[in-house]
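Containing TSV, C-alpha atoms (C1' of nucleotides): protein03.tsv.
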chain	number	residue	atom	x	y	z
A	712	MET	CA	101.41	74.35	145.42
A	713	ARG	CA	99.36	77.49	145.97
A	714	ALA	CA	100.45	79.76	143.17
A	715	PRO	CA	99.45	83.44	143.31
A	716	LEU	CA	96.51	84.39	141.13
A	717	PRO	CA	97.31	86.59	138.14
A	718	PRO	CA	96.84	90.23	139.08
A	719	ASP	CA	94.45	91.23	136.27
A	720	LEU	CA	93.35	89.00	133.41
A	721	PHE	CA	92.08	92.11	131.58
A	722	ASP	CA	95.52	93.65	131.55
A	723	PRO	CA	96.28	94.53	127.92
A	724	ALA	CA	99.72	92.98	128.42
A	725	CYS	CA	98.10	89.61	129.16
A	726	PRO	CA	97.79	87.64	125.94
A	727	SER	CA	94.64	85.88	127.08
A	728	SER	CA	92.80	89.20	127.33
A	729	ALA	CA	92.87	89.61	123.56
A	730	THR	CA	92.77	85.99	122.49
A	731	PRO	CA	90.25	85.15	119.81
A	732	PHE	CA	89.60	81.81	121.48
A	733	GLN	CA	86.86	81.03	123.90
A	734	ILE	CA	86.23	77.91	125.89
A	735	GLY	CA	82.69	77.20	126.93
A	736	ASP	CA	81.22	80.32	128.46
A	737	LYS	CA	82.88	83.61	127.85
A	738	TRP	CA	84.71	83.62	131.16
A	739	ALA	CA	85.22	79.90	131.70
A	740	GLY	CA	88.83	80.00	130.56
A	741	MET	CA	89.67	82.65	133.14
A	742	VAL	CA	88.10	80.65	135.97
A	743	LEU	CA	89.93	77.49	134.97
A	744	THR	CA	93.18	79.42	134.76
A	745	CYS	CA	92.61	80.67	138.28
A	746	LEU	CA	92.04	77.12	139.52
A	747	ARG	CA	94.79	75.57	137.45
A	748	ASP	CA	97.20	74.81	140.31
A	749	GLY	CA	94.63	72.59	142.03
A	750	ALA	CA	94.17	74.78	145.09
A	751	PRO	CA	90.52	75.49	145.99
A	752	ARG	CA	89.54	79.15	145.74
A	753	ARG	CA	86.74	81.10	147.35
A	754	PHE	CA	84.23	83.21	145.50
A	755	THR	CA	85.66	86.53	146.60
A	756	GLU	CA	89.14	85.27	145.86
A	757	LEU	CA	88.16	84.60	142.25
A	758	ARG	CA	86.58	88.03	142.04
A	759	VAL	CA	89.93	89.75	142.52
A	760	PRO	CA	91.60	88.82	139.21
A	761	MET	CA	88.21	88.88	137.48
A	762	ARG	CA	87.05	92.13	138.98
A	763	ARG	CA	85.63	93.38	135.71
A	764	VAL	CA	83.12	90.52	135.80
A	765	SER	CA	80.14	91.21	138.01
A	766	SER	CA	79.31	88.80	140.81
A	767	LYS	CA	76.16	87.82	138.96
A	768	VAL	CA	78.01	86.80	135.82
A	769	LEU	CA	80.76	85.08	137.79
A	770	ALA	CA	78.17	83.07	139.72
A	771	GLU	CA	76.52	82.05	136.44
A	772	THR	CA	79.85	80.99	134.98
A	773	LEU	CA	80.68	78.96	138.07
A	774	ARG	CA	77.32	77.22	138.02
A	775	ALA	CA	77.74	76.31	134.36
A	776	LEU	CA	81.23	74.94	134.98
A	777	GLU	CA	79.96	72.91	137.93
A	778	ARG	CA	77.07	71.60	135.84
A	779	ASP	CA	79.51	70.47	133.15
A	780	GLY	CA	81.75	68.71	135.65
A	781	MET	CA	84.71	71.05	135.18
A	782	ILE	CA	84.81	72.30	138.77
A	783	THR	CA	83.42	71.27	142.16
A	784	ARG	CA	81.62	73.54	144.59
A	785	ALA	CA	81.99	72.85	148.31
A	786	ALA	CA	79.85	74.94	150.69
A	787	TYR	CA	80.78	74.90	154.38
A	788	ASP	CA	78.05	75.72	156.88
A	789	GLU	CA	80.01	78.30	158.83
A	790	LEU	CA	79.78	81.89	159.82
A	791	PRO	CA	80.69	83.77	157.78
A	792	PRO	CA	79.83	81.28	155.04
A	793	ARG	CA	82.62	79.70	153.04
A	794	VAL	CA	82.40	78.22	149.55
A	795	GLU	CA	85.34	76.72	147.74
A	796	TYR	CA	85.69	75.96	144.06
A	797	ALA	CA	88.24	73.49	142.74
A	798	ILE	CA	89.08	72.03	139.35
A	799	THR	CA	88.19	68.40	138.57
A	800	ASP	CA	90.10	65.81	136.57
A	801	LEU	CA	87.77	66.50	133.68
A	802	GLY	CA	88.52	70.19	133.91
A	803	ARG	CA	92.22	69.47	133.86
A	804	THR	CA	91.87	67.71	130.51
A	805	LEU	CA	91.09	71.10	128.97
A	806	PHE	CA	94.52	72.53	129.58
A	807	PRO	CA	96.33	71.07	126.56
A	808	ALA	CA	93.76	72.62	124.24
A	809	MET	CA	93.78	75.88	126.18
A	810	ASP	CA	97.56	75.94	126.02
A	811	ALA	CA	97.45	75.40	122.27
A	812	CYS	CA	95.08	78.36	121.97
A	813	ARG	CA	97.21	80.56	124.17
A	814	ALA	CA	100.36	79.57	122.31
A	815	TRP	CA	98.70	80.49	119.03
A	816	ALA	CA	97.65	83.86	120.40
A	817	ALA	CA	101.08	84.59	121.81
A	818	GLU	CA	102.71	83.80	118.49
A	819	HIS	CA	100.26	85.21	115.96
A	820	LEU	CA	98.31	88.04	117.53
A	821	PRO	CA	100.77	90.64	116.22
A	822	ALA	CA	100.12	89.34	112.70
A	823	VAL	CA	96.37	89.68	113.28
A	824	GLU	CA	96.80	93.23	114.48
A	825	SER	CA	98.89	94.22	111.50
A	826	ALA	CA	96.33	92.59	109.18
A	827	ARG	CA	93.65	94.70	110.83
A	828	ALA	CA	95.67	97.85	110.45
A	829	ALA	CA	96.27	97.08	106.77
A	830	TYR	CA	92.58	96.39	106.26
A	831	ALA	CA	91.57	99.64	107.96
A	832	SER	CA	93.93	101.72	105.82
A	833	ARG	CA	92.70	99.89	102.70
A	834	THR	CA	89.03	100.66	103.35
A	835	SER	CA	89.38	104.17	104.72
B	1071	MET	CA	93.34	68.62	96.36
B	1072	ARG	CA	89.71	69.63	96.26
B	1073	ALA	CA	88.13	67.62	99.06
B	1074	PRO	CA	84.33	67.52	99.32
B	1075	LEU	CA	82.80	69.88	101.87
B	1076	PRO	CA	81.29	68.23	104.93
B	1077	PRO	CA	77.59	67.65	104.31
B	1078	ASP	CA	76.23	69.41	107.40
B	1079	LEU	CA	78.34	70.93	110.15
B	1080	PHE	CA	75.25	71.08	112.35
B	1081	ASP	CA	74.75	67.35	112.19
B	1082	PRO	CA	74.49	66.16	115.80
B	1083	ALA	CA	76.90	63.37	114.89
B	1084	CYS	CA	79.56	65.96	114.06
B	1085	PRO	CA	81.67	66.62	117.15
B	1086	SER	CA	82.33	70.22	116.17
B	1087	SER	CA	78.62	70.99	116.31
B	1088	ALA	CA	78.60	70.60	120.09
B	1089	THR	CA	82.11	71.72	120.89
B	1090	PRO	CA	82.46	74.16	123.78
B	1091	PHE	CA	85.29	75.87	121.97
B	1092	GLN	CA	84.99	78.91	119.78
B	1093	ILE	CA	87.55	80.54	117.59
B	1094	GLY	CA	87.10	84.19	116.86
B	1095	ASP	CA	83.54	84.74	115.74
B	1096	LYS	CA	80.95	82.13	116.41
B	1097	TRP	CA	81.13	80.59	112.94
B	1098	ALA	CA	84.77	81.26	112.08
B	1099	GLY	CA	85.84	77.72	112.84
B	1100	MET	CA	83.33	76.32	110.40
B	1101	VAL	CA	84.48	78.62	107.61
B	1102	LEU	CA	88.11	77.75	108.17
B	1103	THR	CA	87.24	74.07	108.19
B	1104	CYS	CA	85.51	74.51	104.86
B	1105	LEU	CA	88.60	76.20	103.41
B	1106	ARG	CA	91.08	73.87	105.06
B	1107	ASP	CA	92.17	72.03	101.92
B	1108	GLY	CA	93.38	75.25	100.30
B	1109	ALA	CA	90.85	75.32	97.49
B	1110	PRO	CA	89.02	78.65	97.02
B	1111	ARG	CA	85.28	78.47	97.65
B	1112	ARG	CA	82.45	80.67	96.51
B	1113	PHE	CA	79.93	82.29	98.79
B	1114	THR	CA	77.04	80.04	97.82
B	1115	GLU	CA	79.33	77.05	98.07
B	1116	LEU	CA	80.07	77.90	101.69
B	1117	ARG	CA	76.39	78.35	102.34
B	1118	VAL	CA	75.66	74.69	101.64
B	1119	PRO	CA	77.35	73.11	104.67
B	1120	MET	CA	76.48	76.19	106.73
B	1121	ARG	CA	72.90	76.46	105.61
B	1122	ARG	CA	71.67	77.16	109.12
B	1123	VAL	CA	73.66	80.41	109.09
B	1124	SER	CA	71.93	83.24	107.28
B	1125	SER	CA	73.69	84.97	104.42
B	1126	LYS	CA	73.92	88.10	106.52
B	1127	VAL	CA	75.76	86.39	109.34
B	1128	LEU	CA	77.97	84.43	106.96
B	1129	ALA	CA	78.93	87.64	105.16
B	1130	GLU	CA	79.79	89.26	108.49
B	1131	THR	CA	81.90	86.29	109.50
B	1132	LEU	CA	83.76	86.35	106.18
B	1133	ARG	CA	84.43	90.07	106.46
B	1134	ALA	CA	85.81	89.63	109.97
B	1135	LEU	CA	88.07	86.78	108.87
B	1136	GLU	CA	89.30	88.83	105.93
B	1137	ARG	CA	89.94	91.81	108.17
B	1138	ASP	CA	92.00	89.61	110.50
B	1139	GLY	CA	94.07	88.19	107.67
B	1140	MET	CA	92.73	84.64	108.00
B	1141	ILE	CA	91.21	84.46	104.53
B	1142	THR	CA	91.41	86.36	101.25
B	1143	ARG	CA	88.46	87.62	99.22
B	1144	ALA	CA	88.81	87.75	95.44
B	1145	ALA	CA	85.96	89.35	93.46
B	1146	TYR	CA	85.85	88.77	89.70
B	1147	ASP	CA	84.01	91.29	87.56
B	1148	GLU	CA	81.90	88.83	85.63
B	1149	LEU	CA	78.28	88.04	84.99
B	1150	PRO	CA	76.99	86.43	87.09
B	1151	PRO	CA	79.41	87.81	89.69
B	1152	ARG	CA	81.95	85.48	91.23
B	1153	VAL	CA	83.69	85.85	94.59
B	1154	GLU	CA	86.16	83.36	95.96
B	1155	TYR	CA	87.39	82.97	99.51
B	1156	ALA	CA	90.60	81.15	100.35
B	1157	ILE	CA	92.59	80.53	103.50
B	1158	THR	CA	95.88	82.36	104.08
B	1159	ASP	CA	99.10	81.16	105.67
B	1160	LEU	CA	98.08	82.96	108.83
B	1161	GLY	CA	94.75	81.17	108.82
B	1162	ARG	CA	96.50	77.87	108.43
B	1163	THR	CA	98.41	78.45	111.66
B	1164	LEU	CA	95.13	78.09	113.53
B	1165	PHE	CA	94.67	74.45	112.69
B	1166	PRO	CA	96.87	72.92	115.43
B	1167	ALA	CA	94.89	74.75	118.09
B	1168	MET	CA	91.61	73.91	116.39
B	1169	ASP	CA	92.62	70.29	116.19
B	1170	ALA	CA	93.45	70.27	119.89
B	1171	CYS	CA	89.99	71.65	120.63
B	1172	ARG	CA	88.29	69.14	118.39
B	1173	ALA	CA	90.28	66.28	119.89
B	1174	TRP	CA	89.26	67.37	123.35
B	1175	ALA	CA	85.61	67.49	122.32
B	1176	ALA	CA	85.74	64.11	120.64
B	1177	GLU	CA	87.29	62.56	123.72
B	1178	HIS	CA	85.51	64.30	126.56
B	1179	LEU	CA	82.10	65.45	125.42
B	1180	PRO	CA	80.45	62.24	126.68
B	1181	ALA	CA	81.86	62.97	130.13
B	1182	VAL	CA	80.40	66.49	129.97
B	1183	GLU	CA	77.02	65.15	128.99
B	1184	SER	CA	76.98	62.62	131.81
B	1185	ALA	CA	78.03	65.36	134.24
B	1186	ARG	CA	75.09	67.43	133.04
B	1187	ALA	CA	72.71	64.53	133.44
B	1188	ALA	CA	73.98	63.89	136.97
B	1189	TYR	CA	73.64	67.59	137.80
B	1190	ALA	CA	70.08	67.71	136.46
B	1191	SER	CA	69.01	64.70	138.52
B	1192	ARG	CA	70.73	66.17	141.59
B	1193	THR	CA	68.90	69.48	141.38
B	1194	SER	CA	65.49	68.21	140.25
C	890	DG	C1'	57.15	88.78	80.58
C	891	DA	C1'	58.76	86.20	84.35
C	892	DC	C1'	61.96	84.09	86.69
C	893	DC	C1'	66.77	82.57	87.86
C	894	DC	C1'	71.63	83.41	88.94
C	895	DC	C1'	75.17	85.41	92.35
C	896	DG	C1'	76.74	87.88	96.30
C	897	DG	C1'	75.40	90.14	99.04
C	898	DT	C1'	72.82	94.72	101.75
C	899	DA	C1'	69.03	97.16	104.51
C	900	DA	C1'	65.51	97.28	107.73
C	901	DC	C1'	63.12	95.23	111.30
C	902	DT	C1'	62.59	92.16	115.28
C	903	DG	C1'	63.60	89.19	119.12
C	904	DC	C1'	66.26	87.57	122.64
C	905	DA	C1'	70.08	86.45	125.41
C	906	DA	C1'	74.05	88.43	127.57
C	907	DC	C1'	75.71	91.70	130.45
C	908	DG	C1'	75.95	95.54	133.78
C	909	DT	C1'	74.04	98.06	137.92
C	910	DA	C1'	72.01	98.44	142.17
C	911	DA	C1'	69.70	96.75	145.97
C	912	DC	C1'	69.11	93.17	149.18
C	913	DC	C1'	69.51	88.72	152.05
C	914	DG	C1'	70.93	86.18	156.91
C	915	DG	C1'	73.19	85.93	161.24
C	916	DG	C1'	77.01	86.70	163.98
C	917	DG	C1'	81.02	89.93	165.28
C	918	DC	C1'	82.69	94.33	166.34
C	919	DG	C1'	82.90	99.27	167.76
D	144	DC	C1'	72.69	100.98	167.00
D	145	DG	C1'	74.92	100.33	162.76
D	146	DC	C1'	78.10	98.50	159.86
D	147	DC	C1'	81.01	94.66	158.06
D	148	DC	C1'	81.67	89.89	156.51
D	149	DC	C1'	80.60	86.22	152.70
D	150	DG	C1'	78.32	84.35	148.75
D	151	DG	C1'	75.48	85.07	146.36
D	152	DT	C1'	70.04	86.34	144.39
D	153	DT	C1'	66.62	89.43	142.46
D	154	DA	C1'	64.89	93.12	139.70
D	155	DC	C1'	65.63	96.13	136.11
D	156	DG	C1'	67.56	98.30	132.08
D	157	DT	C1'	70.61	98.36	128.09
D	158	DT	C1'	73.25	96.65	124.51
D	159	DG	C1'	74.48	93.98	120.86
D	160	DC	C1'	74.19	89.77	118.35
D	161	DA	C1'	71.54	86.94	115.47
D	162	DG	C1'	67.53	85.66	112.65
D	163	DT	C1'	63.88	87.00	109.09
D	164	DT	C1'	62.36	89.16	105.23
D	165	DA	C1'	62.72	91.93	101.40
D	166	DC	C1'	65.46	93.74	97.83
D	167	DC	C1'	69.39	95.01	94.52
D	168	DG	C1'	71.68	94.82	89.36
D	169	DG	C1'	72.11	93.05	84.82
D	170	DG	C1'	72.27	89.44	81.78
D	171	DG	C1'	70.52	84.61	80.48
D	172	DT	C1'	66.78	81.37	79.91
D	173	DC	C1'	61.92	79.61	79.21

Output the structure of this file as structure tokens.
Amino acid sequence: MRAPLPPDLFDPACPSSATPFQIGDKWAGMVLTCLRDGAPRRFTELRVPMRRVSSKVLAETLRALERDGMITRAAYDELPPRVEYAITDLGRTLFPAMDACRAWAAEHLPAVESARAAYASRTS
Amino acid sequence: MRAPLPPDLFDPACPSSATPFQIGDKWAGMVLTCLRDGAPRRFTELRVPMRRVSSKVLAETLRALERDGMITRAAYDELPPRVEYAITDLGRTLFPAMDACRAWAAEHLPAVESARAAYASRTS
DNA sequence: GACCCCGGTAACTGCAACGTAACCGGGGCG
DNA sequence: CGCCCCGGTTACGTTGCAGTTACCGGGGTC
């Protein structure tokens, strides 16, 4: 059930790092991918694969996703404090579209890159 | 073959106007939708359904789509000048993913709006 | 002579996104 | 005492995207 988080979503080898698709906020797709298996994740846990996103921006993204009903936020009154984010049923409905976007990127990004290279050599 | 362009892509009744999905540049999805039927369109023709986008931004969007191989740009040396944009085979491959995004929006945007309303009343 | 047509470009401006750094509380630990 | 833990918030500065306005050439039209 509790799948390991991807090591680095900015890794150039990860197709989603270069995808021309965005869902909601700039980083929403990454958060949803991290929560995809249904397991709740803590703030600092999400920061690991998204370490290039500052805590401020991550907090803003999480608030926006909570506002839109894509994730839930559960704060436990403990010491040290604990907050857990989890995907909702509504958030889960996004995956088919996200998968379609990722599949497109996986299949056609090389063609985009070669088109860019051809364009650059044409205009240089 | 030559379908009429949508009257106003910013119409609030148009699901794509409120979609949380983006493809490439902010306005790329609208351009591709305008070129979807395969007919070449002129710059001023594209400006009609996208009249809320300035000519500067539309020109930038078109250049980026041409650079990425999604559309072609054909300039005819006439008076008055004529330039025609048309979708490529690579651009056409985007439609399944775009359709998945649009279908999601059409189906689930009401749920997002009610989640926002509930959130606003919760935090007021 | 004045304005229109087309497909933009150039310069200026405003604003939202984003990054950085510092800071919070309240207990545990050395 | 002083630092760490967690989950952020606040202040500040920068960057880049987007919008506005003005302008182009070169012929046609009123």

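One finds CA of Ile782 (chain A) at 5.4 Å from CA of Ala797 (chain A).
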
Fit chain A to chain B, all Cα atoms paired in order, least squares. Then write it as an mmCIF file with C-alpha atoms, in the frame of the given file.
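What landed in part_28.cif:
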data_model
loop_
_atom_site.group_PDB
_atom_site.id
_atom_site.type_symbol
_atom_site.label_atom_id
_atom_site.label_comp_id
_atom_site.auth_asym_id
_atom_site.auth_seq_id
_atom_site.Cartn_x
_atom_site.Cartn_y
_atom_site.Cartn_z
ATOM 1 C CA MET A 712 93.299 68.540 96.431
ATOM 2 C CA ARG A 713 89.664 69.610 96.327
ATOM 3 C CA ALA A 714 88.096 67.694 99.165
ATOM 4 C CA PRO A 715 84.290 67.573 99.402
ATOM 5 C CA LEU A 716 82.762 69.932 101.933
ATOM 6 C CA PRO A 717 81.198 68.298 104.983
ATOM 7 C CA PRO A 718 77.500 67.744 104.370
ATOM 8 C CA ASP A 719 76.146 69.517 107.474
ATOM 9 C CA LEU A 720 78.245 71.008 110.255
ATOM 10 C CA PHE A 721 75.103 71.165 112.432
ATOM 11 C CA ASP A 722 74.624 67.432 112.229
ATOM 12 C CA PRO A 723 74.370 66.177 115.820
ATOM 13 C CA ALA A 724 76.782 63.394 114.860
ATOM 14 C CA CYS A 725 79.454 65.985 114.038
ATOM 15 C CA PRO A 726 81.567 66.620 117.116
ATOM 16 C CA SER A 727 82.226 70.224 116.171
ATOM 17 C CA SER A 728 78.511 71.018 116.358
ATOM 18 C CA ALA A 729 78.521 70.549 120.121
ATOM 19 C CA THR A 730 82.049 71.631 120.922
ATOM 20 C CA PRO A 731 82.398 74.078 123.772
ATOM 21 C CA PHE A 732 85.225 75.806 121.931
ATOM 22 C CA GLN A 733 84.939 78.827 119.749
ATOM 23 C CA ILE A 734 87.530 80.495 117.605
ATOM 24 C CA GLY A 735 87.087 84.154 116.877
ATOM 25 C CA ASP A 736 83.538 84.750 115.741
ATOM 26 C CA LYS A 737 80.941 82.155 116.425
ATOM 27 C CA TRP A 738 81.122 80.655 112.957
ATOM 28 C CA ALA A 739 84.758 81.305 112.092
ATOM 29 C CA GLY A 740 85.812 77.751 112.866
ATOM 30 C CA MET A 741 83.267 76.364 110.420
ATOM 31 C CA VAL A 742 84.437 78.660 107.621
ATOM 32 C CA LEU A 743 88.073 77.772 108.192
ATOM 33 C CA THR A 744 87.187 74.092 108.216
ATOM 34 C CA CYS A 745 85.477 74.530 104.875
ATOM 35 C CA LEU A 746 88.570 76.211 103.437
ATOM 36 C CA ARG A 747 91.044 73.893 105.097
ATOM 37 C CA ASP A 748 92.170 72.034 101.960
ATOM 38 C CA GLY A 749 93.375 75.265 100.347
ATOM 39 C CA ALA A 750 90.848 75.287 97.521
ATOM 40 C CA PRO A 751 89.034 78.623 97.050
ATOM 41 C CA ARG A 752 85.292 78.460 97.671
ATOM 42 C CA ARG A 753 82.469 80.674 96.502
ATOM 43 C CA PHE A 754 79.926 82.305 98.749
ATOM 44 C CA THR A 755 77.062 80.048 97.761
ATOM 45 C CA GLU A 756 79.334 77.048 98.050
ATOM 46 C CA LEU A 757 80.057 77.909 101.680
ATOM 47 C CA ARG A 758 76.357 78.388 102.305
ATOM 48 C CA VAL A 759 75.630 74.726 101.619
ATOM 49 C CA PRO A 760 77.329 73.162 104.664
ATOM 50 C CA MET A 761 76.475 76.244 106.728
ATOM 51 C CA ARG A 762 72.895 76.505 105.600
ATOM 52 C CA ARG A 763 71.627 77.245 109.081
ATOM 53 C CA VAL A 764 73.624 80.485 109.031
ATOM 54 C CA SER A 765 71.889 83.286 107.191
ATOM 55 C CA SER A 766 73.665 84.996 104.316
ATOM 56 C CA LYS A 767 73.882 88.148 106.396
ATOM 57 C CA VAL A 768 75.702 86.451 109.248
ATOM 58 C CA LEU A 769 77.929 84.484 106.888
ATOM 59 C CA ALA A 770 78.907 87.688 105.084
ATOM 60 C CA GLU A 771 79.737 89.315 108.428
ATOM 61 C CA THR A 772 81.849 86.346 109.461
ATOM 62 C CA LEU A 773 83.709 86.384 106.160
ATOM 63 C CA ARG A 774 84.409 90.094 106.419
ATOM 64 C CA ALA A 775 85.766 89.688 109.939
ATOM 65 C CA LEU A 776 88.008 86.813 108.869
ATOM 66 C CA GLU A 777 89.281 88.841 105.919
ATOM 67 C CA ARG A 778 89.912 91.824 108.186
ATOM 68 C CA ASP A 779 91.959 89.631 110.524
ATOM 69 C CA GLY A 780 94.025 88.202 107.686
ATOM 70 C CA MET A 781 92.692 84.657 108.029
ATOM 71 C CA ILE A 782 91.167 84.462 104.551
ATOM 72 C CA THR A 783 91.407 86.343 101.251
ATOM 73 C CA ARG A 784 88.483 87.572 99.192
ATOM 74 C CA ALA A 785 88.871 87.700 95.412
ATOM 75 C CA ALA A 786 86.026 89.302 93.423
ATOM 76 C CA TYR A 787 85.958 88.703 89.666
ATOM 77 C CA ASP A 788 84.142 91.249 87.522
ATOM 78 C CA GLU A 789 82.049 88.768 85.583
ATOM 79 C CA LEU A 790 78.462 88.004 84.893
ATOM 80 C CA PRO A 791 77.138 86.431 86.965
ATOM 81 C CA PRO A 792 79.541 87.779 89.584
ATOM 82 C CA ARG A 793 82.048 85.436 91.168
ATOM 83 C CA VAL A 794 83.747 85.821 94.542
ATOM 84 C CA GLU A 795 86.201 83.326 95.929
ATOM 85 C CA TYR A 796 87.397 82.942 99.487
ATOM 86 C CA ALA A 797 90.615 81.141 100.355
ATOM 87 C CA ILE A 798 92.589 80.517 103.524
ATOM 88 C CA THR A 799 95.871 82.376 104.116
ATOM 89 C CA ASP A 800 99.088 81.169 105.714
ATOM 90 C CA LEU A 801 98.055 82.970 108.867
ATOM 91 C CA GLY A 802 94.731 81.186 108.840
ATOM 92 C CA ARG A 803 96.482 77.869 108.462
ATOM 93 C CA THR A 804 98.397 78.470 111.689
ATOM 94 C CA LEU A 805 95.099 78.100 113.549
ATOM 95 C CA PHE A 806 94.658 74.457 112.705
ATOM 96 C CA PRO A 807 96.873 72.937 115.409
ATOM 97 C CA ALA A 808 94.894 74.755 118.086
ATOM 98 C CA MET A 809 91.598 73.921 116.403
ATOM 99 C CA ASP A 810 92.640 70.290 116.185
ATOM 100 C CA ALA A 811 93.502 70.274 119.876
ATOM 101 C CA CYS A 812 90.033 71.638 120.634
ATOM 102 C CA ARG A 813 88.325 69.125 118.401
ATOM 103 C CA ALA A 814 90.359 66.276 119.854
ATOM 104 C CA TRP A 815 89.338 67.342 123.345
ATOM 105 C CA ALA A 816 85.688 67.452 122.344
ATOM 106 C CA ALA A 817 85.833 64.075 120.653
ATOM 107 C CA GLU A 818 87.388 62.506 123.723
ATOM 108 C CA HIS A 819 85.598 64.236 126.586
ATOM 109 C CA LEU A 820 82.184 65.378 125.437
ATOM 110 C CA PRO A 821 80.545 62.171 126.683
ATOM 111 C CA ALA A 822 81.952 62.910 130.143
ATOM 112 C CA VAL A 823 80.495 66.426 129.972
ATOM 113 C CA GLU A 824 77.115 65.060 129.003
ATOM 114 C CA SER A 825 77.072 62.555 131.823
ATOM 115 C CA ALA A 826 78.126 65.300 134.261
ATOM 116 C CA ARG A 827 75.181 67.356 133.052
ATOM 117 C CA ALA A 828 72.797 64.475 133.461
ATOM 118 C CA ALA A 829 74.074 63.855 136.994
ATOM 119 C CA TYR A 830 73.726 67.536 137.821
ATOM 120 C CA ALA A 831 70.168 67.668 136.479
ATOM 121 C CA SER A 832 69.079 64.647 138.520
ATOM 122 C CA ARG A 833 70.785 66.125 141.602
ATOM 123 C CA THR A 834 68.934 69.443 141.386
ATOM 124 C CA SER A 835 65.552 68.179 140.254
#

Among the residues B:Ala1144, B:Val1153, B:Ala1134, B:Cys1104, the one that comes closest to chain C [using all atoms listed in the file]: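 Once distances to chain C are computed over all atoms listed in the file, the minimum belongs to B:Val1153.
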
Report as a Markdown table the residues of chain B within 9 Å of chain A, each with its shortest atom pair and distance in Å (one decimal), using only C-alpha atoms, ordered by chain and increasing residue number.
| residue | atom | partner | partner_atom | distance |
| --- | --- | --- | --- | --- |
| B:Thr1089 | CA | A:Gly735 | CA | 8.2 |
| B:Pro1090 | CA | A:Gly735 | CA | 4.4 |
| B:Phe1091 | CA | A:Ile734 | CA | 4.5 |
| B:Gln1092 | CA | A:Gln733 | CA | 5.0 |
| B:Ile1093 | CA | A:Phe732 | CA | 4.6 |
| B:Gly1094 | CA | A:Pro731 | CA | 4.4 |
| B:Asp1095 | CA | A:Pro731 | CA | 7.9 |
| B:Glu1136 | CA | A:Tyr830 | CA | 8.2 |
| B:Arg1137 | CA | A:Arg827 | CA | 5.4 |
| B:Asp1138 | CA | A:Val823 | CA | 5.2 |
| B:Gly1139 | CA | A:Ala826 | CA | 5.2 |
| B:Met1140 | CA | A:Val823 | CA | 8.2 |
| B:Leu1160 | CA | A:Ala822 | CA | 7.7 |
| B:Thr1163 | CA | A:Trp815 | CA | 7.7 |
| B:Leu1164 | CA | A:Trp815 | CA | 7.0 |
| B:Pro1166 | CA | A:Ala811 | CA | 7.3 |
| B:Ala1167 | CA | A:Ala811 | CA | 4.9 |
| B:Met1168 | CA | A:Cys812 | CA | 7.9 |
| B:Asp1169 | CA | A:Ala808 | CA | 8.5 |
| B:Ala1170 | CA | A:Ala808 | CA | 5.0 |
| B:Cys1171 | CA | A:Ala808 | CA | 5.3 |
| B:Arg1172 | CA | A:Ala808 | CA | 8.7 |
| B:Ala1173 | CA | A:Ala808 | CA | 8.4 |
| B:Trp1174 | CA | A:Ala808 | CA | 7.0 |
| B:His1178 | CA | A:Leu801 | CA | 7.8 |
| B:Ala1181 | CA | A:Leu801 | CA | 7.7 |
| B:Val1182 | CA | A:Asp779 | CA | 5.2 |
| B:Glu1183 | CA | A:Asp779 | CA | 7.2 |
| B:Ser1184 | CA | A:Asp779 | CA | 8.4 |
| B:Ala1185 | CA | A:Gly780 | CA | 5.2 |
| B:Arg1186 | CA | A:Asp779 | CA | 5.4 |
| B:Ala1187 | CA | A:Arg778 | CA | 8.6 |
| B:Ala1188 | CA | A:Arg778 | CA | 8.4 |
| B:Tyr1189 | CA | A:Arg778 | CA | 5.6 |
| B:Ala1190 | CA | A:Arg778 | CA | 8.0 |

Point-to-point distance in Å for CA of Arg752 (chain A) and CA of Arg793 (chain A):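 About the pair CA of Arg793 (chain A) and CA of Arg752 (chain A): they are 10.1 Å apart.
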
For the contact check between region 745-804 of chain A and region 895-908 of chain C, emit one row per residue of region 745-804 of chain A within 10 Å, containing the shortest atom pair and the distance in Å rounded to one decimal, counting only C-alpha atoms (C1' of nucleotides), chain then rising number order, as a tab-separated table.
residue	atom	partner	partner_atom	distance
A:Val764	CA	C:DG908	C1'	9.0
A:Ser765	CA	C:DG908	C1'	7.4
A:Lys767	CA	C:DG908	C1'	9.3
A:Val768	CA	C:DC907	C1'	7.6

d(CA of Leu1102 (chain B), CA of Pro1119 (chain B)) in Å: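 That distance, rounded to one decimal, is 12.2 Å.
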